[in-house]
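Below is one structure, written out as structure tokens, with a few remarks after it.
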Amino acid sequence: MEEEWTPKITLFCCNWCSYAGSDDAGVGRKQQPPSTRTIRVMCSGRTDPGFVLTALMEGSDAVLFTGCHIGDCHYISGNYKAKKRFEMLKEILDEIGLEDERLQLQWISASEGSEFAEYIRKVTEEIKAIGPSPLRQEWMK
Amino acid sequence: MEKVGSVLVVGGGVGGIQASLDLADSGYKVYLIEHRPSIGGGMAQLDKTFPTCDCSLCIESPKLVESSRHPNIDVLGYTELLSVGGESGNFIAKIKKKTRHVDINICTGCGACTQKCVVKKIPSEFDEGIGERRAIYIPFSQAVPNKATIDIDHCRIFAQNKICKVCQKACTAGAIDFDLKDEYEDLDVGAILFATGAVPYDPSELKQYLPDHPDVLTAMQYERLMCANGPTIGHVKRFSDGEEPKRIAFIQCVGSRNPKIGIEYCSAVCCNYATKESIITKEHNRDTDISIFYMDYRACGKGFEEFYKRGQDDYGINYVRSRVAEVYESDGNLTIKYEDLAEAKLKEEQFDMVILSVGLSQSKKTQELITSIGVDLNEFGNLATTIDHPVETNVKGIFVCGTAQGPKDIPETVAQSSGAAGKIGSLLSEARNTLTTKKELPPEKDVLGLEPRIGVFVCHCGINIGGIVNIPEVVEYVKTLPNVVYATEVPYACSDDGNKQIFDKIHELDLSRVVMAACTPRTHEPLFHATCAEAGLNPFLFEFANIREHCSWIHMNEKEKATEKAKEIVRMSIAKARLLEPLGRGEIPVNQKALVIGAGISGMSAALDLAAGGFPVYLVERTGELGGLLKHITSLPNGEDPEQIVNNTIKKVEENNLITVYPNSEVSDVSGSVGDFKAKVISPEKEEEIDFGIAIIATGGEAFKPEGYYGYDGKRVITQFELEKIIDKVEAKTIVMIQCVGAREEAPRTYCSKICCTEAVKNAIRIKKQKPKTDIFILYKDVRTYGTNEVLYTKAREAGVIFVRYDDLRKPVVNEYVDVYDEFIGENIKIKPDLVVLSTPMVPNDDNAEVGKMFKVPLAPTKFFFEAHVKLRPVDFATDGVYLCGLAHGPKPIDECIAQASAAAGRASIPLAAGKVIAEAIVASPDEERCVGCAICEDKCAYLAVTIEDGKAVVNKAMCKGCGTCVTACPTGAMEQLHFKNNQILAQVKHAFAW
């Protein structure tokens with residue numbers, strides 16, 4: 001039997017909240033599908049639209065913006081800026097017809113390991129349901 | 001005798017930790033001892049903190065790690081103080097390091113032993129008995145020190161004399177040794193700080209509340225129940241049947257305000273934590289019904305009244321003013337029998353779960369230790385202090401902070417901790433830097449422009465990684481990647497052996513980059529950074545690959561996929577490592593002079609503390625006299641003499657050669673940043689330029705003038721503040737005091753002013769003492785005599801002062817008569833007073849906005865200043881080098897103002913004493929060639945660190961925090977974030993998929 005396909009998801013985590021939340025999931029041994037590849041940035045406000053588009057073009061089946069909950073940003077307001085950029089990217093990707101699930105935003109606090117794991121399981125299922133990203137092949141043409 | 005430059009801090013809660021960090025940062029060696037296995041205290045157990053609902057451990061944990069990594073702090077967990085000899089400057093403290101039966105130099109905290117131990121179901125202390133641990137345990141996953149401890153009361157070997165070596169076998173590091181013994185040591189220290197905290201009141205004797213019922217929990221147990229790292233992973237459920245409770249009741253003042261059990265004081269935190277726990281419960285499930293049964297709701301603290309309002313208006317929490325008689329069980333449900341005070345009726349109501357809001361009390365053992373040392377306790381069993389010396393005990397050289405001194409919340413604890421650290425710093429200033437160590441580092445090797453030589457170390461972490469990920473396979477794969485000149489596996493990279501191996505290979509193979517595939521950089525990066533630096537490699541040429549938390553631990557059943565993922569994670573890190581650049585940590589010199597704005601009791605106290613540390617101070621006062629509001633106060637709640645306190649302080653300020661006072665003066669034209677400020681001090685006579693390294697804002701506040709409220713005329717209707725001055729001459733036969741006049745209302749005075757209830761009660765007692773026949777009525781909304789002020793409330797009632805409650809719907813009417821509805825008798829009463837006294841709130845200084853703008857520091861909506869962090873940085877601003885204290889921060893009594901003043905001075909002493917600040921290395925860095933001066937970066941920076949000068953972006957490295965938000969915003973790619981450069985992150989993104 002052919003092995004089940006695991007999507008590849010690029011996950012941007014901020015150093016203070018979501019990366020720590022992801023660590024907390026590990027410490028709590030919260031099992032997750034091996035779908036994510038984490039890139040640590042100091043603040044979600046550093047998540048550059050260029051990184052996101054590159055990830056999608058290189059073959060990422062989805063990209064996740066994560067960071068501190070609104071109001072909790074370690075750098076006062078970086079996550080507001082991340083949210084703005086996320087919304088802007090969303091419009092672009094809608095325009096080219098990419099499925100909604102492929103770009104997501106989730107706030108995760110440093111203690112939300114369980115929520116983090118739950119979220120990764122959910123996203124992975126969603127991406128499995130819609131299959132590999134068409135973007136990479138499109139780009140290669 | 002020469003003073004010793006070291007300090008013993010007893011108690012590793014947030015207070016002890018903060019004081020240790022402050023002391024170690026200002027040039028003292030610190031021994032931080034904690035009798036429990038891990039530091040963190042009660043704060044580590046909390047799910048969230050009020051009033052911001054910040055995740056508690058998330059904000060505390062970085063401080064735990066920082067203290068354990070600090071070269072000048074010895075964190076001694078599982079250690080007790082036995083006795084103290086000697087005197088101030090030269091104490092000898094005898095300590096006992098209880099054995100864990102685990103060699104802490106070998107234990108890596110991997111937790112393998114705790115998973116194998118066969119003795120299960122021991123009630124976990126960390127989970128307040130509602131969770132379980134084993135006989136060998138690590139109390140919580142972020143424990144510091146992160147070491148296992150054998151509980152000999154339960155271990156099969158010690159408690160049952162059985163042969164069991166399961167944990168020893170599970171420990172591949174070989175750390176467990178059943179023969180280890182307790183160790184005793186004498187520490188030479190110059191000063192001692194008691195940060196021994198408090199314990200939650202044990203309600204087991206209050207049988208009327210059914211404390212033993214499985215669905216009756218203490219608030220601390222409920223906190224653990226709600227917490228994501230608690231026994232139910234944050235699922236709120238009943239222990240009787242596992243069902244989610246639909247109706248929850250909180251009973252307040254359990255173990256507080258109860259003379260019957262010998263606890264007269266109010267615990268000061270319970271009202272607010274009950275609201276917090278209710279709000280979190282509501283956030284878990286909006287449909288949960290929550291009632292809080294309280295006597296007086298005491299929201300005494302910054303932002304607490306607003307938090308209480310949110311609980312009522314936004315979350316629909318049902319606050320029931322009542323006295324609870326008992327809780328009884330019927331048909332599996334809990335019924336609360338109570339007197340509804342609003343309707344003066346006995347009522348009953350059913351709930352699924354009852355939470356007892358237990359107060360703070362002192363452990364007998366701690367009290368005995370403290371008295372044996374000769375330190376006085378007060379009538380409440382806390383370490384005794386005075387109003388003008390809030391962190392000093394009766395023994396010179398022995399200090400106190402936090403709840404050991406009386407019930408209080410986290411920010412007040414942190415302020416006292418920094419205050420005590422500041423006081424100790426001044427006391428021992430001649431011994432500063434005598435016992436601290438500074439590592440001498442070799443010169444850094446040059447790597448710029450050379451082809452990278454990467455060494456990769458893949459850590460087994462015992463079986464934590466190696467048991468899942470096929471490490472030899474990862475190593476073989478890594479060797480095929482470009483620039484990798486060396487790859488190896490290590491059993492425990494973080495061990496001394498592991499570090500030595502890294503150190504040796506950097507030398508031997510001339511490595512110019514190191515990649516560590518192991519655990520999380522958040523805890524271990526500083527360790528490997530230090531190793532690289534010792535080997536002459538710039539620490540920023542090191543990169544982590546997290547294959548434990550992000551791989552082996554979360555893919556335990558998919559070994560092959562975990563191995564593939566691990567390869568990719570390491571590949572991404574190598575891709576970034578190739579592009580890493582060495583970074584310098586610049587030093588910014590600090591001008592050792594200080595500016596203090598405002599010469600009230602706060603500003604003067606701060607100036608004196610700074611001067612005691614040897615730093616020259618400019619003390620600028622807007623008015624013509626020193627002393628501020630305290631000059632107008634004629635008595636204090638505990639009987640101390642305010643005139644003496646303020647006059648003594650003024651005298652000390654005037655006599656101090658290091659303090660230059662500028663009366664009738666204002667500060668203007670402030671420029672510069674931490675270490676290098678300049679400003680003008682302007683008075684009608686002259687204008688002077690000053691330069692200074694730090695500034696403390698102590699602009700104070702004033703009593704609100706209630707124009708238009710209750711016929712205020714300054715004669716028959718006066719304010720509480722005005723009463724102070726004439727109180728001994730008052731001839732009135734009948735006096736009515738009205739509380740909350742102009743407070744707890746619309747913006748900006750939404751807040752509770754914290755001190756007015758105590759003021760009113762204090763003045764009422766004073767009048768009653770002089771003229772017992774005077775009739776005094778106090779009309780109140782809640783009597784907020786929080787903390788130990790509660791005894792004044794009792795005294796006032798005993799003296800015959802009559803308390804009548806009113807609410808916003810039925811405010812008193814003041815004419816010739818005062819007409820007020822008395823809910824106790826259920827009808828309006830008329831009083832004919834000769835004098836009406838209005839208790840009005842403290843309001844912020846009207847020039848706060850201007851001062852704030854000059855120093856680039858923000859104001860809260862109430863127009864008081866807004867500190868860097870409500871909980872953990874109460875006297876700092878987000879802007880480095882600027883601090884605040886006293887009423888400028890918010891309304892508070894004098895002892896709290898003085899504690900904050902010492903805290904601000906203590907915090908400010910850190911850069912002043914060092915004479916320099918270390919600049920952040922990971923900062924934004926603009927490329928002048930590509931910058932077009934569009935100023936988008938300037939607009940995006942939350943710290944005002946970016947400015948446009950001559951058409952180009954300039955980053956002030958002292959102010960940049962390195963978030964990288966401006967980098968992302970830069971349209972031309974001119975702005976870069978060092979260590980997180982665009983090409984570095986892009987390399988990671990690309991190599992997630994292939995090389």
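Ordering of the structure tokens sets the chain letters (A, B, ...); residue numbers start at 1 within each chain; ligands are numbered from 1 in the order shown.
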Based on the backbone DSSP call, show me all residues of stretch 35-141 of chain A assigned helix (DSSP H, G or I), as a count of residues only.
58
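In plain terms, chain A touches chain B through Ser22, Asp23, Gly26, Val27, Arg29, Lys30, Gln31, Gln32, Pro33, Pro34, Arg37, Met42, Cys43, Gly45, Arg46, Thr47, Asp48, Phe51, Ala55, Glu58, Tyr75, Ile76, Ser77, Gly78, Ala110, Ser111 and Glu112 of chain A, where touching means an atom at most 7 Å away, counting only C-alpha atoms.
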Selected residues, N, CA and C atoms, written as an mmCIF file, in the first residue's frame, please.
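And here is the file that came out, out-v6.cif:
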data_model
loop_
_atom_site.group_PDB
_atom_site.id
_atom_site.type_symbol
_atom_site.label_atom_id
_atom_site.label_comp_id
_atom_site.auth_asym_id
_atom_site.auth_seq_id
_atom_site.Cartn_x
_atom_site.Cartn_y
_atom_site.Cartn_z
ATOM 1 N N SER A 22 4.837 25.923 21.092
ATOM 2 C CA SER A 22 5.219 24.720 20.371
ATOM 3 C C SER A 22 6.173 23.871 21.223
ATOM 4 N N ASP A 23 7.073 24.527 21.921
ATOM 5 C CA ASP A 23 7.955 23.826 22.869
ATOM 6 C C ASP A 23 7.124 23.154 23.961
ATOM 7 N N GLY A 26 5.707 20.033 22.973
ATOM 8 C CA GLY A 26 6.718 18.986 23.007
ATOM 9 C C GLY A 26 6.953 18.473 24.420
ATOM 10 N N VAL A 27 7.085 19.408 25.338
ATOM 11 C CA VAL A 27 7.324 19.035 26.733
ATOM 12 C C VAL A 27 6.172 18.174 27.246
ATOM 13 N N ARG A 29 4.489 16.221 25.458
ATOM 14 C CA ARG A 29 4.419 15.066 24.546
ATOM 15 C C ARG A 29 3.083 15.025 23.793
ATOM 16 N N LYS A 30 2.650 16.201 23.353
ATOM 17 C CA LYS A 30 1.391 16.284 22.608
ATOM 18 C C LYS A 30 1.660 15.886 21.158
ATOM 19 N N GLN A 31 1.238 14.682 20.803
ATOM 20 C CA GLN A 31 1.576 14.115 19.496
ATOM 21 C C GLN A 31 0.912 14.875 18.346
ATOM 22 N N GLN A 32 1.701 15.048 17.299
ATOM 23 C CA GLN A 32 1.227 15.801 16.134
ATOM 24 C C GLN A 32 1.734 15.112 14.876
ATOM 25 N N PRO A 33 1.048 15.301 13.766
ATOM 26 C CA PRO A 33 1.585 14.760 12.513
ATOM 27 C C PRO A 33 2.881 15.483 12.130
ATOM 28 N N PRO A 34 3.841 14.783 11.501
ATOM 29 C CA PRO A 34 5.140 15.420 11.190
ATOM 30 C C PRO A 34 5.080 16.317 9.959
ATOM 31 N N ARG A 37 7.361 22.547 9.408
ATOM 32 C CA ARG A 37 8.768 22.948 9.452
ATOM 33 C C ARG A 37 8.764 24.356 10.022
ATOM 34 N N MET A 42 11.919 36.589 15.734
ATOM 35 C CA MET A 42 11.788 37.157 17.079
ATOM 36 C C MET A 42 10.351 37.600 17.331
ATOM 37 N N CYS A 43 9.702 38.125 16.295
ATOM 38 C CA CYS A 43 8.342 38.664 16.455
ATOM 39 C C CYS A 43 7.542 38.298 15.217
ATOM 40 N N GLY A 45 5.755 40.111 13.727
ATOM 41 C CA GLY A 45 5.874 41.277 12.861
ATOM 42 C C GLY A 45 7.033 41.171 11.875
ATOM 43 N N ARG A 46 7.888 40.177 12.056
ATOM 44 C CA ARG A 46 9.014 39.958 11.143
ATOM 45 C C ARG A 46 8.620 39.030 9.993
ATOM 46 N N THR A 47 7.459 38.387 10.090
ATOM 47 C CA THR A 47 7.045 37.440 9.045
ATOM 48 C C THR A 47 6.786 38.207 7.749
ATOM 49 N N ASP A 48 7.720 38.091 6.843
ATOM 50 C CA ASP A 48 7.724 38.887 5.617
ATOM 51 C C ASP A 48 6.872 38.206 4.563
ATOM 52 N N PHE A 51 8.752 35.880 2.428
ATOM 53 C CA PHE A 51 9.047 34.539 2.945
ATOM 54 C C PHE A 51 7.876 33.600 2.637
ATOM 55 N N ALA A 55 7.943 30.339 0.307
ATOM 56 C CA ALA A 55 7.600 29.017 0.843
ATOM 57 C C ALA A 55 6.569 28.338 -0.055
ATOM 58 N N GLU A 58 8.183 27.277 -3.313
ATOM 59 C CA GLU A 58 9.153 26.185 -3.162
ATOM 60 C C GLU A 58 8.471 24.839 -2.928
ATOM 61 N N TYR A 75 6.690 42.708 21.812
ATOM 62 C CA TYR A 75 7.207 43.958 21.261
ATOM 63 C C TYR A 75 6.070 44.975 21.081
ATOM 64 N N ILE A 76 5.154 44.966 21.998
ATOM 65 C CA ILE A 76 4.039 45.907 22.076
ATOM 66 C C ILE A 76 2.971 45.650 21.010
ATOM 67 N N SER A 77 3.353 45.760 19.713
ATOM 68 C CA SER A 77 2.308 45.736 18.693
ATOM 69 C C SER A 77 2.706 45.024 17.410
ATOM 70 N N GLY A 78 3.781 44.234 17.445
ATOM 71 C CA GLY A 78 4.237 43.560 16.227
ATOM 72 C C GLY A 78 3.181 42.637 15.646
ATOM 73 N N ALA A 110 2.482 31.032 25.139
ATOM 74 C CA ALA A 110 3.570 30.137 25.533
ATOM 75 C C ALA A 110 3.089 28.942 26.344
ATOM 76 N N SER A 111 1.910 29.040 26.918
ATOM 77 C CA SER A 111 1.435 27.927 27.741
ATOM 78 C C SER A 111 0.406 27.075 27.007
ATOM 79 N N GLU A 112 0.126 27.413 25.748
ATOM 80 C CA GLU A 112 -0.946 26.710 25.048
ATOM 81 C C GLU A 112 -0.424 25.545 24.203
#
Env of A:Ser44: 12 Å cut, atoms = only C-alpha atoms, seq-sep filter 6 positions within chain, self excluded. Answer as a PDB file with N, CA and C atoms, in the first residue's frame.
ATOM      1  N   LEU A  11       5.851  26.867   9.080  1.00  0.00           N
ATOM      2  CA  LEU A  11       5.260  27.454  10.281  1.00  0.00           C
ATOM      3  C   LEU A  11       6.168  28.569  10.796  1.00  0.00           C
ATOM      4  N   PHE A  12       5.677  29.789  10.766  1.00  0.00           N
ATOM      5  CA  PHE A  12       6.448  30.898  11.337  1.00  0.00           C
ATOM      6  C   PHE A  12       6.030  31.107  12.784  1.00  0.00           C
ATOM      7  N   CYS A  13       7.009  31.029  13.674  1.00  0.00           N
ATOM      8  CA  CYS A  13       6.710  31.184  15.098  1.00  0.00           C
ATOM      9  C   CYS A  13       7.485  32.365  15.661  1.00  0.00           C
ATOM     10  N   CYS A  14       6.846  33.099  16.537  1.00  0.00           N
ATOM     11  CA  CYS A  14       7.573  34.165  17.224  1.00  0.00           C
ATOM     12  C   CYS A  14       8.278  33.577  18.438  1.00  0.00           C
ATOM     13  N   ASN A  15       9.402  34.147  18.770  1.00  0.00           N
ATOM     14  CA  ASN A  15      10.248  33.599  19.827  1.00  0.00           C
ATOM     15  C   ASN A  15       9.550  33.492  21.179  1.00  0.00           C
ATOM     16  N   TRP A  16       8.648  34.430  21.457  1.00  0.00           N
ATOM     17  CA  TRP A  16       8.165  34.593  22.831  1.00  0.00           C
ATOM     18  C   TRP A  16       6.892  33.829  23.125  1.00  0.00           C
ATOM     19  N   CYS A  17       6.023  33.686  22.153  1.00  0.00           N
ATOM     20  CA  CYS A  17       4.754  33.020  22.440  1.00  0.00           C
ATOM     21  C   CYS A  17       4.603  31.710  21.676  1.00  0.00           C
ATOM     22  N   SER A  18       4.455  31.784  20.343  1.00  0.00           N
ATOM     23  CA  SER A  18       4.074  30.557  19.648  1.00  0.00           C
ATOM     24  C   SER A  18       5.214  29.541  19.598  1.00  0.00           C
ATOM     25  N   TYR A  19       6.459  30.005  19.495  1.00  0.00           N
ATOM     26  CA  TYR A  19       7.571  29.046  19.530  1.00  0.00           C
ATOM     27  C   TYR A  19       7.593  28.359  20.897  1.00  0.00           C
ATOM     28  N   LEU A  64       1.715  28.970   7.854  1.00  0.00           N
ATOM     29  CA  LEU A  64       1.004  29.445   9.048  1.00  0.00           C
ATOM     30  C   LEU A  64       1.742  30.621   9.672  1.00  0.00           C
ATOM     31  N   PHE A  65       0.983  31.682   9.900  1.00  0.00           N
ATOM     32  CA  PHE A  65       1.463  32.820  10.693  1.00  0.00           C
ATOM     33  C   PHE A  65       1.071  32.521  12.135  1.00  0.00           C
ATOM     34  N   THR A  66       1.999  32.540  13.051  1.00  0.00           N
ATOM     35  CA  THR A  66       1.598  32.419  14.454  1.00  0.00           C
ATOM     36  C   THR A  66       2.355  33.446  15.289  1.00  0.00           C
ATOM     37  N   GLY A  67       1.793  33.776  16.438  1.00  0.00           N
ATOM     38  CA  GLY A  67       2.435  34.763  17.304  1.00  0.00           C
ATOM     39  C   GLY A  67       1.676  34.898  18.601  1.00  0.00           C
ATOM     40  N   CYS A  68       2.039  35.913  19.355  1.00  0.00           N
ATOM     41  CA  CYS A  68       1.374  36.155  20.646  1.00  0.00           C
ATOM     42  C   CYS A  68      -0.064  36.613  20.408  1.00  0.00           C
ATOM     43  N   HIS A  69      -0.918  36.322  21.354  1.00  0.00           N
ATOM     44  CA  HIS A  69      -2.288  36.818  21.268  1.00  0.00           C
ATOM     45  C   HIS A  69      -2.272  38.340  21.204  1.00  0.00           C
ATOM     46  N   ILE A  70      -3.292  38.876  20.552  1.00  0.00           N
ATOM     47  CA  ILE A  70      -3.395  40.328  20.455  1.00  0.00           C
ATOM     48  C   ILE A  70      -3.422  40.915  21.870  1.00  0.00           C
ATOM     49  N   ASP A  72      -0.801  40.781  23.796  1.00  0.00           N
ATOM     50  CA  ASP A  72       0.287  40.157  24.545  1.00  0.00           C
ATOM     51  C   ASP A  72       1.648  40.295  23.876  1.00  0.00           C
ATOM     52  N   CYS A  73       1.714  40.979  22.739  1.00  0.00           N
ATOM     53  CA  CYS A  73       2.958  41.006  21.957  1.00  0.00           C
ATOM     54  C   CYS A  73       4.137  41.460  22.815  1.00  0.00           C
ATOM     55  N   HIS A  74       5.196  40.690  22.755  1.00  0.00           N
ATOM     56  CA  HIS A  74       6.410  41.020  23.501  1.00  0.00           C
ATOM     57  C   HIS A  74       6.988  42.362  23.051  1.00  0.00           C
ATOM     58  N   TYR A  75       6.690  42.708  21.812  1.00  0.00           N
ATOM     59  CA  TYR A  75       7.207  43.958  21.261  1.00  0.00           C
ATOM     60  C   TYR A  75       6.070  44.975  21.081  1.00  0.00           C
ATOM     61  N   ILE A  76       5.154  44.966  21.998  1.00  0.00           N
ATOM     62  CA  ILE A  76       4.039  45.907  22.076  1.00  0.00           C
ATOM     63  C   ILE A  76       2.971  45.650  21.010  1.00  0.00           C
ATOM     64  N   SER A  77       3.353  45.760  19.713  1.00  0.00           N
ATOM     65  CA  SER A  77       2.308  45.736  18.693  1.00  0.00           C
ATOM     66  C   SER A  77       2.706  45.024  17.410  1.00  0.00           C
ATOM     67  N   GLY A  78       3.781  44.234  17.445  1.00  0.00           N
ATOM     68  CA  GLY A  78       4.237  43.560  16.227  1.00  0.00           C
ATOM     69  C   GLY A  78       3.181  42.637  15.646  1.00  0.00           C
ATOM     70  N   ASN A  79       2.382  42.022  16.518  1.00  0.00           N
ATOM     71  CA  ASN A  79       1.394  41.076  16.008  1.00  0.00           C
ATOM     72  C   ASN A  79       0.248  41.767  15.259  1.00  0.00           C
ATOM     73  N   TYR A  80      -0.024  43.036  15.601  1.00  0.00           N
ATOM     74  CA  TYR A  80      -1.023  43.779  14.819  1.00  0.00           C
ATOM     75  C   TYR A  80      -0.532  43.930  13.384  1.00  0.00           C
ATOM     76  N   LYS A  81       0.778  44.225  13.291  1.00  0.00           N
ATOM     77  CA  LYS A  81       1.354  44.424  11.959  1.00  0.00           C
ATOM     78  C   LYS A  81       1.366  43.106  11.204  1.00  0.00           C
ATOM     79  N   ALA A  82       1.626  42.016  11.924  1.00  0.00           N
ATOM     80  CA  ALA A  82       1.590  40.699  11.293  1.00  0.00           C
ATOM     81  C   ALA A  82       0.189  40.426  10.748  1.00  0.00           C
ATOM     82  N   LYS A  83      -0.805  40.812  11.522  1.00  0.00           N
ATOM     83  CA  LYS A  83      -2.189  40.554  11.115  1.00  0.00           C
ATOM     84  C   LYS A  83      -2.520  41.328   9.834  1.00  0.00           C
ATOM     85  N   LYS A  84      -2.073  42.569   9.781  1.00  0.00           N
ATOM     86  CA  LYS A  84      -2.292  43.393   8.587  1.00  0.00           C
ATOM     87  C   LYS A  84      -1.659  42.726   7.363  1.00  0.00           C
ATOM     88  N   ARG A  85      -0.413  42.274   7.543  1.00  0.00           N
ATOM     89  CA  ARG A  85       0.305  41.669   6.413  1.00  0.00           C
ATOM     90  C   ARG A  85      -0.364  40.377   6.002  1.00  0.00           C
ATOM     91  N   PHE A  86      -0.823  39.656   6.985  1.00  0.00           N
ATOM     92  CA  PHE A  86      -1.528  38.411   6.705  1.00  0.00           C
ATOM     93  C   PHE A  86      -2.762  38.707   5.864  1.00  0.00           C
ATOM     94  N   LEU A 105      -3.687  32.093  10.056  1.00  0.00           N
ATOM     95  CA  LEU A 105      -3.113  32.856  11.158  1.00  0.00           C
ATOM     96  C   LEU A 105      -3.677  32.322  12.471  1.00  0.00           C
ATOM     97  N   GLN A 106      -2.801  32.103  13.435  1.00  0.00           N
ATOM     98  CA  GLN A 106      -3.250  31.576  14.719  1.00  0.00           C
ATOM     99  C   GLN A 106      -2.399  32.183  15.831  1.00  0.00           C
ATOM    100  N   TRP A 107      -3.056  32.717  16.843  1.00  0.00           N
ATOM    101  CA  TRP A 107      -2.311  33.217  18.001  1.00  0.00           C
ATOM    102  C   TRP A 107      -2.186  32.078  19.015  1.00  0.00           C
ATOM    103  N   ILE A 108      -0.967  31.872  19.508  1.00  0.00           N
ATOM    104  CA  ILE A 108      -0.704  30.788  20.462  1.00  0.00           C
ATOM    105  C   ILE A 108       0.136  31.357  21.596  1.00  0.00           C
TER     106      ILE A 108
ATOM    107  N   CYS B 963      12.892  43.506  17.158  1.00  0.00           N
ATOM    108  CA  CYS B 963      11.727  42.697  16.768  1.00  0.00           C
ATOM    109  C   CYS B 963      11.714  42.430  15.262  1.00  0.00           C
ATOM    110  N   GLY B 964      12.278  43.363  14.490  1.00  0.00           N
ATOM    111  CA  GLY B 964      12.342  43.170  13.049  1.00  0.00           C
ATOM    112  C   GLY B 964      11.121  43.648  12.282  1.00  0.00           C
ATOM    113  N   THR B 965      10.196  44.292  12.987  1.00  0.00           N
ATOM    114  CA  THR B 965       8.975  44.749  12.320  1.00  0.00           C
ATOM    115  C   THR B 965       9.283  45.795  11.242  1.00  0.00           C
ATOM    116  N   CYS B 966      10.250  46.651  11.505  1.00  0.00           N
ATOM    117  CA  CYS B 966      10.600  47.686  10.522  1.00  0.00           C
ATOM    118  C   CYS B 966      11.251  47.064   9.290  1.00  0.00           C
ATOM    119  N   VAL B 967      11.951  45.936   9.499  1.00  0.00           N
ATOM    120  CA  VAL B 967      12.661  45.271   8.400  1.00  0.00           C
ATOM    121  C   VAL B 967      11.648  44.766   7.382  1.00  0.00           C
ATOM    122  N   THR B 968      10.596  44.157   7.916  1.00  0.00           N
ATOM    123  CA  THR B 968       9.561  43.621   7.052  1.00  0.00           C
ATOM    124  C   THR B 968       8.851  44.739   6.304  1.00  0.00           C
TER     125      THR B 968
END
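Near A:Glu91, within 12 Å and counting only C-alpha atoms, sit A:Pro49, A:Lys84, A:Arg85, A:Gly97, A:Leu98, A:Glu99, A:Asp100, A:Leu103, not including residues fewer than 6 positions from it in the same chain.
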Take the selection from the previous step and output its residues with N, CA and C atoms, as a PDB file, in the first residue's frame.
ATOM      1  N   PRO A  49       6.013  38.954   3.893  1.00  0.00           N
ATOM      2  CA  PRO A  49       5.228  38.349   2.805  1.00  0.00           C
ATOM      3  C   PRO A  49       6.119  37.632   1.795  1.00  0.00           C
ATOM      4  N   LYS A  84      -2.073  42.569   9.781  1.00  0.00           N
ATOM      5  CA  LYS A  84      -2.292  43.393   8.587  1.00  0.00           C
ATOM      6  C   LYS A  84      -1.659  42.726   7.363  1.00  0.00           C
ATOM      7  N   ARG A  85      -0.413  42.274   7.543  1.00  0.00           N
ATOM      8  CA  ARG A  85       0.305  41.669   6.413  1.00  0.00           C
ATOM      9  C   ARG A  85      -0.364  40.377   6.002  1.00  0.00           C
ATOM     10  N   GLY A  97      -6.534  32.521  -6.617  1.00  0.00           N
ATOM     11  CA  GLY A  97      -7.373  31.332  -6.497  1.00  0.00           C
ATOM     12  C   GLY A  97      -6.822  30.236  -5.603  1.00  0.00           C
ATOM     13  N   LEU A  98      -5.887  30.581  -4.742  1.00  0.00           N
ATOM     14  CA  LEU A  98      -5.359  29.558  -3.836  1.00  0.00           C
ATOM     15  C   LEU A  98      -6.372  29.312  -2.709  1.00  0.00           C
ATOM     16  N   GLU A  99      -6.487  28.049  -2.322  1.00  0.00           N
ATOM     17  CA  GLU A  99      -7.474  27.711  -1.295  1.00  0.00           C
ATOM     18  C   GLU A  99      -7.197  28.458   0.002  1.00  0.00           C
ATOM     19  N   ASP A 100      -8.288  28.764   0.673  1.00  0.00           N
ATOM     20  CA  ASP A 100      -8.253  29.529   1.907  1.00  0.00           C
ATOM     21  C   ASP A 100      -7.379  28.866   2.974  1.00  0.00           C
ATOM     22  N   LEU A 103      -3.219  29.451   3.761  1.00  0.00           N
ATOM     23  CA  LEU A 103      -2.568  30.516   4.517  1.00  0.00           C
ATOM     24  C   LEU A 103      -3.430  30.791   5.742  1.00  0.00           C
TER      25      LEU A 103
END
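Shortest separation to A:Lys128 among A:Ile39, A:Ile96, A:Met88, A:Ala62 occurs at residue A:Ala62, atoms counted being only C-alpha atoms.
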Shell around B:Ala904 at 10 Å using only C-alpha atoms, local window under 4 positions removed, as a PyMOL selection string:
chain B and resi 415+418-419+422+602-603+605-607+609-610+695-698+874-876+882-886+898-900+908-909
Contact table stretch 409-461 of chain B vs stretch 529-536 of chain B, cut-off 7 Å, shortest pair per residue, only C-alpha atoms, as a Markdown table:
| residue | atom | partner | partner_atom | distance |
| --- | --- | --- | --- | --- |
| B:Leu441 | CA | B:Glu534 | CA | 5.6 |
| B:Pro442 | CA | B:Gly536 | CA | 5.4 |
| B:Pro443 | CA | B:Gly536 | CA | 5.8 |
| B:Glu444 | CA | B:Gly536 | CA | 4.4 |
| B:Lys445 | CA | B:Gly536 | CA | 5.8 |
